[in-house]
$ cat model19.pdb   # PDB, C-alpha atoms, pLDDT in the B column
ATOM      1  CA  ASN T  22      13.583-215.745  -0.075  1.00 69.00           C
ATOM      2  CA  SER T  23       9.874-215.019   0.198  1.00 73.00           C
ATOM      3  CA  ALA T  24       8.608-218.554  -0.480  1.00 74.00           C
ATOM      4  CA  VAL T  25       6.081-217.106  -2.958  1.00 78.00           C
ATOM      5  CA  ALA T  26       5.035-219.760  -5.558  1.00 77.00           C
ATOM      6  CA  VAL T  27       6.147-219.147  -9.119  1.00 77.00           C
ATOM      7  CA  SER T  28       5.223-220.964 -12.359  1.00 76.00           C
ATOM      8  CA  SER T  29       5.790-220.682 -16.078  1.00 77.00           C
ATOM      9  CA  ALA T  30       3.106-220.001 -18.652  1.00 82.00           C
ATOM     10  CA  LEU T  31       1.456-223.038 -20.335  1.00 81.00           C
ATOM     11  CA  ILE T  32       3.801-224.441 -22.939  1.00 83.00           C
ATOM     12  CA  VAL T  33       2.279-226.341 -25.932  1.00 83.00           C
ATOM     13  CA  SER T  34       4.464-228.641 -28.039  1.00 79.00           C
ATOM     14  CA  ASN T  35       4.273-229.036 -31.799  1.00 82.00           C
ATOM     15  CA  THR T  36       1.581-231.505 -32.899  1.00 83.00           C
ATOM     16  CA  ILE T  37       2.383-235.126 -33.672  1.00 82.00           C
ATOM     17  CA  THR T  38       0.474-237.177 -36.254  1.00 82.00           C
ATOM     18  CA  VAL T  39       0.504-240.931 -35.895  1.00 83.00           C
ATOM     19  CA  GLN T  40      -0.041-242.793 -39.143  1.00 79.00           C
ATOM     20  CA  SER T  41      -0.557-246.447 -39.922  1.00 90.00           C
ATOM     21  CA  GLY T  42       2.449-247.990 -41.619  1.00 92.00           C
ATOM     22  CA  ALA T  43       2.816-248.163 -45.388  1.00 95.00           C
ATOM     23  CA  VAL T  44       1.395-251.366 -46.916  1.00 96.00           C
ATOM     24  CA  LEU T  45       1.836-252.273 -50.587  1.00 97.00           C
ATOM     25  CA  ALA T  46      -0.643-254.313 -52.648  1.00 97.00           C
ATOM     26  CA  MET T  47      -0.227-255.098 -56.346  1.00 97.00           C
ATOM     27  CA  GLN T  48      -2.107-256.630 -59.263  1.00 98.00           C
ATOM     28  CA  VAL T  49      -0.448-257.718 -62.526  1.00 98.00           C
ATOM     29  CA  ARG T  50      -2.674-258.227 -65.558  1.00 97.00           C
ATOM     30  CA  ALA T  51      -2.122-259.152 -69.221  1.00 97.00           C
ATOM     31  CA  PHE T  52      -4.903-258.318 -71.687  1.00 95.00           C
ATOM     32  CA  PRO T  53      -6.290-259.411 -73.935  1.00 95.00           C
ATOM     33  CA  ALA T  54      -5.310-262.768 -72.476  1.00 95.00           C
ATOM     34  CA  GLN T  55      -5.548-264.415 -75.907  1.00 96.00           C
ATOM     35  CA  VAL T  56      -3.739-262.846 -78.853  1.00 97.00           C
ATOM     36  CA  SER T  57      -2.680-263.922 -82.337  1.00 97.00           C
ATOM     37  CA  ALA T  58       1.003-263.924 -83.252  1.00 97.00           C
ATOM     38  CA  GLY T  59       2.093-260.581 -84.671  1.00 95.00           C
ATOM     39  CA  HIS T  60      -0.356-258.564 -82.580  1.00 96.00           C
ATOM     40  CA  ASP T  61       0.113-256.407 -79.484  1.00 96.00           C
ATOM     41  CA  PHE T  62      -1.209-256.874 -75.972  1.00 97.00           C
ATOM     42  CA  LEU T  63      -0.850-254.856 -72.770  1.00 97.00           C
ATOM     43  CA  VAL T  64       0.534-255.683 -69.351  1.00 97.00           C
ATOM     44  CA  THR T  65      -0.597-253.456 -66.495  1.00 97.00           C
ATOM     45  CA  VAL T  66       0.705-253.275 -62.940  1.00 98.00           C
ATOM     46  CA  THR T  67      -1.488-251.521 -60.381  1.00 98.00           C
ATOM     47  CA  ILE T  68       0.245-250.791 -57.064  1.00 97.00           C
ATOM     48  CA  THR T  69      -1.707-249.431 -54.088  1.00 97.00           C
ATOM     49  CA  ASN T  70      -0.410-248.112 -50.765  1.00 97.00           C
ATOM     50  CA  THR T  71      -3.216-249.119 -48.398  1.00 96.00           C
ATOM     51  CA  GLY T  72      -1.454-247.582 -45.384  1.00 96.00           C
ATOM     52  CA  GLN T  73      -1.234-243.923 -44.367  1.00 95.00           C
ATOM     53  CA  ALA T  74       2.525-243.453 -44.375  1.00 96.00           C
ATOM     54  CA  ALA T  75       4.136-242.757 -47.752  1.00 96.00           C
ATOM     55  CA  VAL T  76       6.400-245.273 -49.466  1.00 96.00           C
ATOM     56  CA  ALA T  77       9.818-243.880 -50.379  1.00 95.00           C
ATOM     57  CA  GLY T  78      12.518-245.526 -52.490  1.00 93.00           C
ATOM     58  CA  PHE T  79       9.743-247.080 -54.569  1.00 91.00           C
ATOM     59  CA  ALA T  80      11.002-249.797 -56.962  1.00 93.00           C
ATOM     60  CA  LEU T  81       9.668-252.550 -59.224  1.00 95.00           C
ATOM     61  CA  GLU T  82      11.719-255.577 -60.229  1.00 96.00           C
ATOM     62  CA  PRO T  83      11.990-256.381 -63.959  1.00 95.00           C
ATOM     63  CA  PHE T  84       9.362-258.825 -65.186  1.00 96.00           C
ATOM     64  CA  THR T  85      10.033-262.528 -65.133  1.00 97.00           C
ATOM     65  CA  ILE T  86       8.262-263.996 -68.180  1.00 96.00           C
ATOM     66  CA  THR T  87       7.438-267.706 -68.236  1.00 97.00           C
ATOM     67  CA  GLY T  88       5.765-270.023 -70.752  1.00 97.00           C
ATOM     68  CA  THR T  89       6.393-271.485 -74.182  1.00 97.00           C
ATOM     69  CA  GLY T  90       5.126-268.508 -76.192  1.00 96.00           C
ATOM     70  CA  SER T  91       7.740-265.982 -77.328  1.00 95.00           C
ATOM     71  CA  LEU T  92       7.269-262.222 -77.038  1.00 95.00           C
ATOM     72  CA  SER T  93       8.926-259.081 -78.337  1.00 93.00           C
ATOM     73  CA  ALA T  94      10.829-256.866 -75.917  1.00 84.00           C
ATOM     74  CA  GLY T  95       8.252-254.767 -74.110  1.00 86.00           C
ATOM     75  CA  THR T  96       7.983-250.985 -74.273  1.00 94.00           C
ATOM     76  CA  GLY T  97       7.075-248.980 -71.166  1.00 94.00           C
ATOM     77  CA  PRO T  98       6.161-248.302 -68.525  1.00 96.00           C
ATOM     78  CA  THR T  99       3.714-245.495 -69.133  1.00 95.00           C
ATOM     79  CA  PRO T 100       3.708-243.333 -67.083  1.00 95.00           C
ATOM     80  CA  ALA T 101       7.275-243.436 -65.769  1.00 92.00           C
ATOM     81  CA  PHE T 102       7.740-245.260 -62.463  1.00 90.00           C
ATOM     82  CA  PRO T 103       7.279-242.848 -59.513  1.00 92.00           C
ATOM     83  CA  ALA T 104       9.927-242.448 -56.795  1.00 92.00           C
ATOM     84  CA  SER T 105       7.348-242.536 -53.988  1.00 94.00           C
ATOM     85  CA  LEU T 106       3.727-243.421 -53.325  1.00 95.00           C
ATOM     86  CA  ALA T 107       1.594-241.473 -50.874  1.00 95.00           C
ATOM     87  CA  GLY T 108      -0.604-243.250 -48.342  1.00 95.00           C
ATOM     88  CA  GLY T 109      -3.986-244.275 -49.737  1.00 96.00           C
ATOM     89  CA  SER T 110      -2.916-243.727 -53.355  1.00 96.00           C
ATOM     90  CA  SER T 111      -2.248-246.023 -56.285  1.00 96.00           C
ATOM     91  CA  VAL T 112      -0.516-245.980 -59.648  1.00 97.00           C
ATOM     92  CA  THR T 113      -1.148-248.068 -62.769  1.00 97.00           C
ATOM     93  CA  LEU T 114       1.775-248.683 -65.120  1.00 97.00           C
ATOM     94  CA  THR T 115       1.364-250.055 -68.660  1.00 97.00           C
ATOM     95  CA  TRP T 116       3.719-251.956 -70.966  1.00 97.00           C
ATOM     96  CA  THR T 117       3.128-253.048 -74.590  1.00 97.00           C
ATOM     97  CA  TYR T 118       4.291-256.444 -75.863  1.00 97.00           C
ATOM     98  CA  THR T 119       3.883-258.268 -79.190  1.00 97.00           C
ATOM     99  CA  GLY T 120       3.201-261.994 -79.490  1.00 96.00           C
ATOM    100  CA  ILE T 121       5.800-263.682 -81.706  1.00 97.00           C
ATOM    101  CA  SER T 122       5.176-267.431 -81.620  1.00 96.00           C
ATOM    102  CA  ALA T 123       2.403-269.643 -80.280  1.00 97.00           C
ATOM    103  CA  GLY T 124       2.304-270.756 -76.652  1.00 97.00           C
ATOM    104  CA  GLY T 125       1.305-269.718 -73.170  1.00 97.00           C
ATOM    105  CA  PHE T 126       2.888-266.910 -71.168  1.00 97.00           C
ATOM    106  CA  GLY T 127       2.783-265.272 -67.751  1.00 98.00           C
ATOM    107  CA  PHE T 128       4.410-262.327 -65.969  1.00 98.00           C
ATOM    108  CA  SER T 129       5.613-261.907 -62.385  1.00 98.00           C
ATOM    109  CA  THR T 130       7.295-259.108 -60.447  1.00 98.00           C
ATOM    110  CA  THR T 131       7.730-257.577 -56.964  1.00 98.00           C
ATOM    111  CA  ALA T 132       7.279-253.971 -55.816  1.00 97.00           C
ATOM    112  CA  SER T 133       9.138-252.685 -52.774  1.00 96.00           C
ATOM    113  CA  GLY T 134      10.099-249.542 -50.907  1.00 96.00           C
ATOM    114  CA  ILE T 135      10.625-248.005 -47.465  1.00 97.00           C
ATOM    115  CA  ASP T 136       8.062-246.644 -45.010  1.00 96.00           C
ATOM    116  CA  ALA T 137       8.865-242.925 -45.135  1.00 95.00           C
ATOM    117  CA  ASN T 138       8.147-242.542 -41.403  1.00 94.00           C
ATOM    118  CA  SER T 139       9.842-245.553 -39.851  1.00 94.00           C
ATOM    119  CA  GLY T 140      12.345-246.565 -42.516  1.00 95.00           C
ATOM    120  CA  ALA T 141      10.990-250.128 -42.413  1.00 96.00           C
ATOM    121  CA  ALA T 142      11.133-252.107 -45.641  1.00 97.00           C
ATOM    122  CA  VAL T 143       7.785-252.853 -47.319  1.00 97.00           C
ATOM    123  CA  THR T 144       7.120-255.207 -50.223  1.00 97.00           C
ATOM    124  CA  THR T 145       4.255-256.766 -52.131  1.00 97.00           C
ATOM    125  CA  GLY T 146       6.011-260.097 -52.375  1.00 96.00           C
ATOM    126  CA  LEU T 147       6.056-261.878 -55.722  1.00 97.00           C
ATOM    127  CA  ARG T 148       2.836-261.343 -57.689  1.00 97.00           C
ATOM    128  CA  LEU T 149       1.766-263.295 -60.777  1.00 97.00           C
ATOM    129  CA  SER T 150      -0.320-262.155 -63.729  1.00 97.00           C
ATOM    130  CA  ASN T 151      -3.202-264.078 -65.260  1.00 97.00           C
ATOM    131  CA  GLY T 152      -2.107-266.631 -67.836  1.00 96.00           C
ATOM    132  CA  GLY T 153      -2.024-265.597 -71.502  1.00 97.00           C
ATOM    133  CA  LEU T 154      -1.982-267.442 -74.816  1.00 97.00           C
ATOM    134  CA  ILE T 155      -0.455-266.595 -78.193  1.00 97.00           C
ATOM    135  CA  GLN T 156      -2.097-268.394 -81.124  1.00 98.00           C
ATOM    136  CA  VAL T 157      -1.258-268.897 -84.773  1.00 97.00           C
ATOM    137  CA  PRO T 158      -3.578-266.484 -86.629  1.00 97.00           C
ATOM    138  CA  ALA T 159      -6.739-267.912 -88.192  1.00 97.00           C
ATOM    139  CA  SER T 160      -6.292-268.993 -91.822  1.00 97.00           C
ATOM    140  CA  LEU T 161      -8.947-270.492 -94.092  1.00 98.00           C
ATOM    141  CA  ALA T 162      -8.417-273.149 -96.740  1.00 98.00           C
ATOM    142  CA  SER T 163     -11.283-274.504 -98.846  1.00 97.00           C
ATOM    143  CA  MET T 164     -11.874-277.376-101.269  1.00 96.00           C
ATOM    144  CA  MET T 165     -14.860-277.775-103.604  1.00 96.00           C
ATOM    145  CA  ALA T 166     -16.074-281.047-105.122  1.00 94.00           C
ATOM    146  CA  VAL T 167     -18.938-282.024-107.481  1.00 92.00           C
ATOM    147  CA  TYR T 168     -20.760-285.378-107.153  1.00 91.00           C
ATOM    148  CA  GLY T 169     -23.233-286.926-109.578  1.00 86.00           C
ATOM    149  CA  GLY T 170     -21.208-287.432-112.724  1.00 79.00           C
ATOM    150  CA  ALA T 171     -19.091-285.307-115.031  1.00 79.00           C
ATOM    151  CA  VAL T 172     -21.735-285.477-117.782  1.00 85.00           C
ATOM    152  CA  LEU T 173     -25.419-285.048-116.915  1.00 83.00           C
ATOM    153  CA  SER T 174     -28.730-284.747-118.729  1.00 86.00           C
ATOM    154  CA  ALA T 175     -30.909-281.703-118.261  1.00 88.00           C
ATOM    155  CA  GLY T 176     -33.119-282.215-115.203  1.00 88.00           C
ATOM    156  CA  GLN T 177     -30.645-284.417-113.373  1.00 91.00           C
ATOM    157  CA  THR T 178     -29.447-283.304-109.954  1.00 92.00           C
ATOM    158  CA  PHE T 179     -25.911-283.197-108.660  1.00 93.00           C
ATOM    159  CA  LEU T 180     -24.294-282.249-105.359  1.00 94.00           C
ATOM    160  CA  VAL T 181     -21.633-279.643-104.688  1.00 95.00           C
ATOM    161  CA  THR T 182     -19.640-279.741-101.449  1.00 97.00           C
ATOM    162  CA  LEU T 183     -17.341-277.142 -99.983  1.00 97.00           C
ATOM    163  CA  THR T 184     -15.022-278.089 -97.132  1.00 98.00           C
ATOM    164  CA  VAL T 185     -13.638-275.111 -95.226  1.00 98.00           C
ATOM    165  CA  THR T 186     -10.757-275.679 -92.806  1.00 98.00           C
ATOM    166  CA  ASN T 187      -9.240-273.236 -90.327  1.00 98.00           C
ATOM    167  CA  THR T 188      -5.555-274.153 -90.499  1.00 97.00           C
ATOM    168  CA  GLY T 189      -4.626-271.598 -87.837  1.00 97.00           C
ATOM    169  CA  GLY T 190      -4.937-271.714 -84.062  1.00 96.00           C
ATOM    170  CA  ALA T 191      -7.179-268.707 -83.442  1.00 97.00           C
ATOM    171  CA  THR T 192     -10.907-268.981 -84.086  1.00 97.00           C
ATOM    172  CA  ALA T 193     -12.166-267.592 -87.397  1.00 98.00           C
ATOM    173  CA  SER T 194     -15.233-265.491 -86.593  1.00 97.00           C
ATOM    174  CA  THR T 195     -17.916-263.892 -88.805  1.00 97.00           C
ATOM    175  CA  LEU T 196     -17.512-266.816 -91.189  1.00 97.00           C
ATOM    176  CA  ASN T 197     -19.085-266.204 -94.586  1.00 97.00           C
ATOM    177  CA  VAL T 198     -19.405-268.237 -97.799  1.00 97.00           C
ATOM    178  CA  ASP T 199     -20.331-266.327-100.931  1.00 96.00           C
ATOM    179  CA  SER T 200     -23.153-267.573-103.143  1.00 94.00           C
ATOM    180  CA  ILE T 201     -21.907-270.171-105.609  1.00 93.00           C
ATOM    181  CA  VAL T 202     -21.253-268.690-109.026  1.00 92.00           C
ATOM    182  CA  HIS T 203     -21.487-270.852-112.131  1.00 85.00           C
ATOM    183  CA  ALA T 204     -20.169-269.585-115.429  1.00 82.00           C
ATOM    184  CA  PRO T 205     -21.682-269.447-117.907  1.00 83.00           C
ATOM    185  CA  ALA T 206     -24.938-268.902-116.043  1.00 80.00           C
ATOM    186  CA  GLY T 207     -28.075-270.856-116.936  1.00 84.00           C
ATOM    187  CA  VAL T 208     -26.502-274.287-117.333  1.00 90.00           C
ATOM    188  CA  ALA T 209     -27.353-275.324-113.753  1.00 91.00           C
ATOM    189  CA  THR T 210     -29.792-274.121-111.106  1.00 91.00           C
ATOM    190  CA  GLN T 211     -29.284-274.286-107.339  1.00 93.00           C
ATOM    191  CA  THR T 212     -32.261-276.007-105.721  1.00 94.00           C
ATOM    192  CA  ALA T 213     -31.135-276.444-102.100  1.00 96.00           C
ATOM    193  CA  GLY T 214     -28.366-275.645 -99.652  1.00 93.00           C
ATOM    194  CA  PRO T 215     -26.120-275.076 -98.065  1.00 96.00           C
ATOM    195  CA  THR T 216     -26.620-277.868 -95.572  1.00 97.00           C
ATOM    196  CA  PRO T 217     -25.784-277.368 -92.769  1.00 97.00           C
ATOM    197  CA  ALA T 218     -26.072-273.573 -92.578  1.00 97.00           C
ATOM    198  CA  VAL T 219     -22.772-271.682 -92.633  1.00 97.00           C
ATOM    199  CA  PRO T 220     -21.576-271.514 -88.987  1.00 97.00           C
ATOM    200  CA  GLY T 221     -20.832-268.142 -87.434  1.00 96.00           C
ATOM    201  CA  SER T 222     -17.314-269.197 -86.474  1.00 97.00           C
ATOM    202  CA  LEU T 223     -14.755-271.948 -86.965  1.00 98.00           C
ATOM    203  CA  ALA T 224     -12.333-272.965 -84.232  1.00 97.00           C
ATOM    204  CA  GLY T 225      -8.635-273.337 -84.951  1.00 97.00           C
ATOM    205  CA  GLY T 226      -7.911-276.704 -86.585  1.00 97.00           C
ATOM    206  CA  ALA T 227     -11.605-277.374 -87.242  1.00 98.00           C
ATOM    207  CA  SER T 228     -13.398-277.866 -90.559  1.00 98.00           C
ATOM    208  CA  VAL T 229     -16.949-277.872 -91.871  1.00 98.00           C
ATOM    209  CA  THR T 230     -18.376-279.399 -95.035  1.00 98.00           C
ATOM    210  CA  LEU T 231     -21.324-277.661 -96.694  1.00 98.00           C
ATOM    211  CA  THR T 232     -23.523-279.282 -99.361  1.00 98.00           C
ATOM    212  CA  TRP T 233     -25.656-277.738-102.131  1.00 97.00           C
ATOM    213  CA  THR T 234     -28.013-279.424-104.586  1.00 96.00           C
ATOM    214  CA  PHE T 235     -28.054-278.284-108.218  1.00 93.00           C
ATOM    215  CA  THR T 236     -30.109-279.356-111.240  1.00 93.00           C
ATOM    216  CA  GLY T 237     -28.910-279.360-114.819  1.00 90.00           C
ATOM    217  CA  ALA T 238     -30.995-276.713-116.603  1.00 88.00           C
ATOM    218  CA  ALA T 239     -29.624-276.389-120.144  1.00 87.00           C
ATOM    219  CA  SER T 240     -26.999-277.827-122.443  1.00 87.00           C
ATOM    220  CA  GLY T 241     -23.493-276.536-121.894  1.00 88.00           C
ATOM    221  CA  THR T 242     -20.440-276.766-119.701  1.00 88.00           C
ATOM    222  CA  THR T 243     -20.173-274.783-116.486  1.00 87.00           C
ATOM    223  CA  ALA T 244     -17.668-274.273-113.677  1.00 87.00           C
ATOM    224  CA  LEU T 245     -18.623-273.474-110.095  1.00 91.00           C
ATOM    225  CA  SER T 246     -16.797-271.193-107.698  1.00 94.00           C
ATOM    226  CA  THR T 247     -17.196-269.494-104.333  1.00 96.00           C
ATOM    227  CA  THR T 248     -15.106-267.835-101.599  1.00 96.00           C
ATOM    228  CA  ALA T 249     -15.020-268.423 -97.855  1.00 97.00           C
ATOM    229  CA  SER T 250     -13.936-265.560 -95.591  1.00 97.00           C
ATOM    230  CA  GLY T 251     -13.902-264.538 -91.948  1.00 97.00           C
ATOM    231  CA  SER T 252     -11.970-262.626 -89.292  1.00 97.00           C
ATOM    232  CA  ASP T 253      -9.300-263.609 -86.810  1.00 97.00           C
ATOM    233  CA  GLN T 254     -11.282-263.540 -83.552  1.00 96.00           C
ATOM    234  CA  ASN T 255      -8.295-262.339 -81.527  1.00 95.00           C
ATOM    235  CA  SER T 256      -7.280-259.421 -83.714  1.00 90.00           C
ATOM    236  CA  GLY T 257     -10.507-258.708 -85.583  1.00 82.00           C
TER
END

$ encode --input "model19.pdb" --output "structure tokens"
Amino acid sequence: NSAVAVSSALIVSNTITVQSGAVLAMQVRAFPAQVSAGHDFLVTVTITNTGQAAVAGFALEPFTITGTGSLSAGTGPTPAFPASLAGGSSVTLTWTYTGISAGGFGFSTTASGIDANSGAAVTTGLRLSNGGLIQVPASLASMMAVYGGAVLSAGQTFLVTLTVTNTGGATASTLNVDSIVHAPAGVATQTAGPTPAVPGSLAGGASVTLTWTFTGAASGTTALSTTASGSDQNSG
């Protein structure tokens, strides 16, 4: 009626936050990568949401295990698998497996979910672990021989050899050969050896022959003995 201008007060809407979409990245790792049969190893899966939006409906496919080595059924994951993953966060899940028989192995899986904002599907795609190897545990066998004659005169020298073989697949580490014992003592004296020096380790399937020199010292009959020992490098 009066043509007087009218207006409403300033109206402010609720705020809106724009986030980058959810993006999943994943790493699968088996360690130690080399293990002796009968011993445990771990498989970890680290999943990271590099986007800002959360991932809902979070899921991980069961592992596909390939290779000729056989494994026990795994236990895990620890912690339990989460239902969602916030933007910028990550989770590491751990399983425990036991090597059963020798051979290589590998793990693969896929993580997936839904962008909590847009409802779009997100996935890591198939991801593979590093390759692993199960080995037959290290095992030492030894054979001793004496050269120079079964009957000797005092002052004559003779040789003693010890051949140590690792019949397993894993390396035998911290290899040690005890000093040769001869009983009764005094019949022979060690004058040199071992040659070569005892190696620090012995690969699976490998052998080494060590040689000592002895001299007959007094009348009598003696027998020589020693022990070779070491540790399975994979299991300690």

$ closest_residue --input "model19.pdb" --among "T:Gly42, T:Gly59, T:Gly95, T:Gly90" --to "Gly109 (chain T)" --atoms "all atoms listed in the file"
T:Gly42

$ atom_distance --input "model19.pdb" --atom1 "CA of Gly189 (chain T)" --atom2 "CA of Ile155 (chain T)"
11.6 Å

$ closest_atom_pairs --input "model19.pdb" --of "region 118-184 of chain T" --to "region 194-201 of chain T" --cutoff "12 Å" --atoms "only C-alpha atoms" --output "CSV"
residue,atom,partner,partner_atom,distance
T:Pro158,CA,T:Ser194,CA,11.7
T:Ala159,CA,T:Ser194,CA,9.0
T:Ser160,CA,T:Ser194,CA,10.9
T:Leu161,CA,T:Leu196,CA,9.8
T:Ser163,CA,T:Val198,CA,10.3
T:Met165,CA,T:Ile201,CA,10.6
T:Val181,CA,T:Ile201,CA,9.5
T:Thr182,CA,T:Ile201,CA,10.7
T:Leu183,CA,T:Val198,CA,9.4
T:Thr184,CA,T:Val198,CA,10.8

$ atom_distance --input "model19.pdb" --atom1 "CA of Ala209 (chain T)" --atom2 "CA of Ser222 (chain T)"
29.7 Å

$ closest_residue --input "model19.pdb" --among "T:Gly125, T:Gly152, T:Gly237, T:Gly97" --to "Ala175 (chain T)" --atoms "only C-alpha atoms"
T:Gly237

$ resolve_selection --input "model19.pdb" --expression "the PyMOL selection byres ((chain T and resi 193) around 12)" --output "ChimeraX atom specification"
/T:57,156-162,185-192,194-197,220-228,249-257

$ write_last_selection --input "model19.pdb" --atoms "C-alpha atoms" --output "mmCIF file, in the frame of the given file"
data_model
loop_
_atom_site.group_PDB
_atom_site.id
_atom_site.type_symbol
_atom_site.label_atom_id
_atom_site.label_comp_id
_atom_site.auth_asym_id
_atom_site.auth_seq_id
_atom_site.Cartn_x
_atom_site.Cartn_y
_atom_site.Cartn_z
ATOM 1 C CA SER T 57 -2.680 -263.922 -82.337
ATOM 2 C CA GLN T 156 -2.097 -268.394 -81.124
ATOM 3 C CA VAL T 157 -1.258 -268.897 -84.773
ATOM 4 C CA PRO T 158 -3.578 -266.484 -86.629
ATOM 5 C CA ALA T 159 -6.739 -267.912 -88.192
ATOM 6 C CA SER T 160 -6.292 -268.993 -91.822
ATOM 7 C CA LEU T 161 -8.947 -270.492 -94.092
ATOM 8 C CA ALA T 162 -8.417 -273.149 -96.740
ATOM 9 C CA VAL T 185 -13.638 -275.111 -95.226
ATOM 10 C CA THR T 186 -10.757 -275.679 -92.806
ATOM 11 C CA ASN T 187 -9.240 -273.236 -90.327
ATOM 12 C CA THR T 188 -5.555 -274.153 -90.499
ATOM 13 C CA GLY T 189 -4.626 -271.598 -87.837
ATOM 14 C CA GLY T 190 -4.937 -271.714 -84.062
ATOM 15 C CA ALA T 191 -7.179 -268.707 -83.442
ATOM 16 C CA THR T 192 -10.907 -268.981 -84.086
ATOM 17 C CA SER T 194 -15.233 -265.491 -86.593
ATOM 18 C CA THR T 195 -17.916 -263.892 -88.805
ATOM 19 C CA LEU T 196 -17.512 -266.816 -91.189
ATOM 20 C CA ASN T 197 -19.085 -266.204 -94.586
ATOM 21 C CA PRO T 220 -21.576 -271.514 -88.987
ATOM 22 C CA GLY T 221 -20.832 -268.142 -87.434
ATOM 23 C CA SER T 222 -17.314 -269.197 -86.474
ATOM 24 C CA LEU T 223 -14.755 -271.948 -86.965
ATOM 25 C CA ALA T 224 -12.333 -272.965 -84.232
ATOM 26 C CA GLY T 225 -8.635 -273.337 -84.951
ATOM 27 C CA GLY T 226 -7.911 -276.704 -86.585
ATOM 28 C CA ALA T 227 -11.605 -277.374 -87.242
ATOM 29 C CA SER T 228 -13.398 -277.866 -90.559
ATOM 30 C CA ALA T 249 -15.020 -268.423 -97.855
ATOM 31 C CA SER T 250 -13.936 -265.560 -95.591
ATOM 32 C CA GLY T 251 -13.902 -264.538 -91.948
ATOM 33 C CA SER T 252 -11.970 -262.626 -89.292
ATOM 34 C CA ASP T 253 -9.300 -263.609 -86.810
ATOM 35 C CA GLN T 254 -11.282 -263.540 -83.552
ATOM 36 C CA ASN T 255 -8.295 -262.339 -81.527
ATOM 37 C CA SER T 256 -7.280 -259.421 -83.714
ATOM 38 C CA GLY T 257 -10.507 -258.708 -85.583
#

$ resolve_selection --input "model19.pdb" --expression "the PyMOL selection byres ((chain T and resi 236) around 9)" --output "number ranges by chain"
T: 175-180, 208-212, 234-235, 237-238

$ closest_residue --input "model19.pdb" --among "T:Ala244, T:Leu114, T:Ala101, T:Leu106" --to "Leu63 (chain T)" --atoms "all atoms listed in the file"
T:Leu114
